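Remarks on the structure that follows.
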Amino acid sequence: MRKNLSAIRLKRIALRAEGFLELNMPQHALAEIQKAGKMDVEFSPHLLFLEGSALFQERRYSEALYPLGQAVLLEPTEVKLWLLIGSCQKRIGRCDLAIESLENALVIQPNSTVVLYNLAMYHALAQQETEALKYLARCFFLDPQFKEHMKKEPCFDRLRDNEAFRDLMRERDEDEAGSTS
């Protein structure tokens, strides 16, 4: 009975924390999660993800890595964890680790356009143009709409003068023009 009550309380805490995160109120989400910490129960991967998400919203990227790392140890096939870990690592200047995280995600979901696009961004930031272009081409092949995001993405600014990049953009423009005629 006591275990069931704890599970119900944890579920309520998680729901409240999710609501606060949706309202962009990470401090309130963290306060909810702290209540769970006082219950002497194991955190679920989801609650750890919520804690990491709240810390991410507060721009406390280094701190977010701990709960996210704990969550991915419990749920190593959860792509959203790898994506958020990669995003934190990018923001603390560790593109090498961000790339590594997203490569883990790519093993799990090899055709995830979100993973491919982010890998392209991180490789571009790491000045690895060939790799960035490879992932962009694959992403565009799977979903040409990502091209619109890429046009405004500052991570690709260094690539804009690259001939292969311009060819990729032209190829996508031609494909889109051909599909509308």
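All residue names refer to the structure tokens as shown: chains lettered A, B, ... in order, residues numbered from 1 in each chain, ligands numbered from 1 in order.
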
Counting only C-alpha atoms, which residues of range 22-128 of chain A fall within 12 Å of range 137-153 of chain A, and what is the closest atom pair for each with its distance in Å at one decimal, ordered by chain and rising number, as a Markdown table?
```
| residue | atom | partner | partner_atom | distance |
| --- | --- | --- | --- | --- |
| A:Leu106 | CA | A:Cys139 | CA | 11.9 |
| A:Pro110 | CA | A:Arg138 | CA | 10.3 |
| A:Asn111 | CA | A:Leu142 | CA | 7.5 |
| A:Ser112 | CA | A:Cys139 | CA | 8.0 |
| A:Thr113 | CA | A:Cys139 | CA | 5.1 |
| A:Val114 | CA | A:Cys139 | CA | 8.0 |
| A:Val115 | CA | A:Cys139 | CA | 8.7 |
| A:Leu116 | CA | A:Cys139 | CA | 5.6 |
| A:Tyr117 | CA | A:Cys139 | CA | 6.0 |
| A:Asn118 | CA | A:Cys139 | CA | 9.6 |
| A:Leu119 | CA | A:Cys139 | CA | 9.8 |
| A:Ala120 | CA | A:Cys139 | CA | 8.8 |
| A:Met121 | CA | A:Glu153 | CA | 8.5 |
| A:Tyr122 | CA | A:Glu153 | CA | 11.7 |
| A:Ala124 | CA | A:Glu153 | CA | 10.9 |
| A:Leu125 | CA | A:Glu153 | CA | 11.3 |
```

Against range 6-14 of chain A, which residues of range 22-84 of chain A fall within 9 Å? For each one I want the closest pair of atoms and the distance in Å (one decimal), counting only C-alpha atoms, rows by chain and increasing residue number, as a tab-separated table.
```
residue	atom	partner	partner_atom	distance
A:Ala29	CA	A:Ala14	CA	8.6
A:Glu32	CA	A:Ile13	CA	5.8
A:Ile33	CA	A:Ile13	CA	6.6
A:Lys35	CA	A:Ile13	CA	7.6
A:Ala36	CA	A:Leu10	CA	6.4
A:Met39	CA	A:Ser6	CA	7.7
A:Val41	CA	A:Ser6	CA	7.6
A:Phe43	CA	A:Leu10	CA	8.6
A:Ser44	CA	A:Leu10	CA	8.9
A:His46	CA	A:Ala14	CA	7.9
A:Leu47	CA	A:Ala14	CA	6.2
A:Leu50	CA	A:Ala14	CA	7.6
```

In terms of only C-alpha atoms, the residue from A:Leu73, A:Leu81, A:Cys95, A:Cys88 at minimal distance from Tyr61 in chain A is A:Cys88

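Here CA of Pro26 in chain A is placed at a distance of 6.2 Å from CA of Gln57 in chain A.
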
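CA of Thr77 in chain A is positioned 26.4 Å from CA of Asp40 in chain A.
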
*Contacts of Gln89 in chain A at 12 Å (only C-alpha atoms; same-chain gap of 6+ positions) as a PyMOL selection string*: chain A and resi 56+59-66+68-69+82-83+95-102+122

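Between CA of Glu51 in chain A and CA of Glu103 in chain A lies a distance of 23.3 Å.
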
Next item on the list: Taking the DSSP assignment computed from this structure's backbone, write out as a ChimeraX atom specification all residues of range 54-141 of chain A that belong to alpha helix (DSSP H).
Entry: /A:54-57,61-74,79-91,95-108,113-125,129-141

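Counting only C-alpha atoms, the residue from A:Ile108, A:Leu74, A:Ala17, A:Val79 that sits nearest to Ala54 in chain A is A:Ala17.
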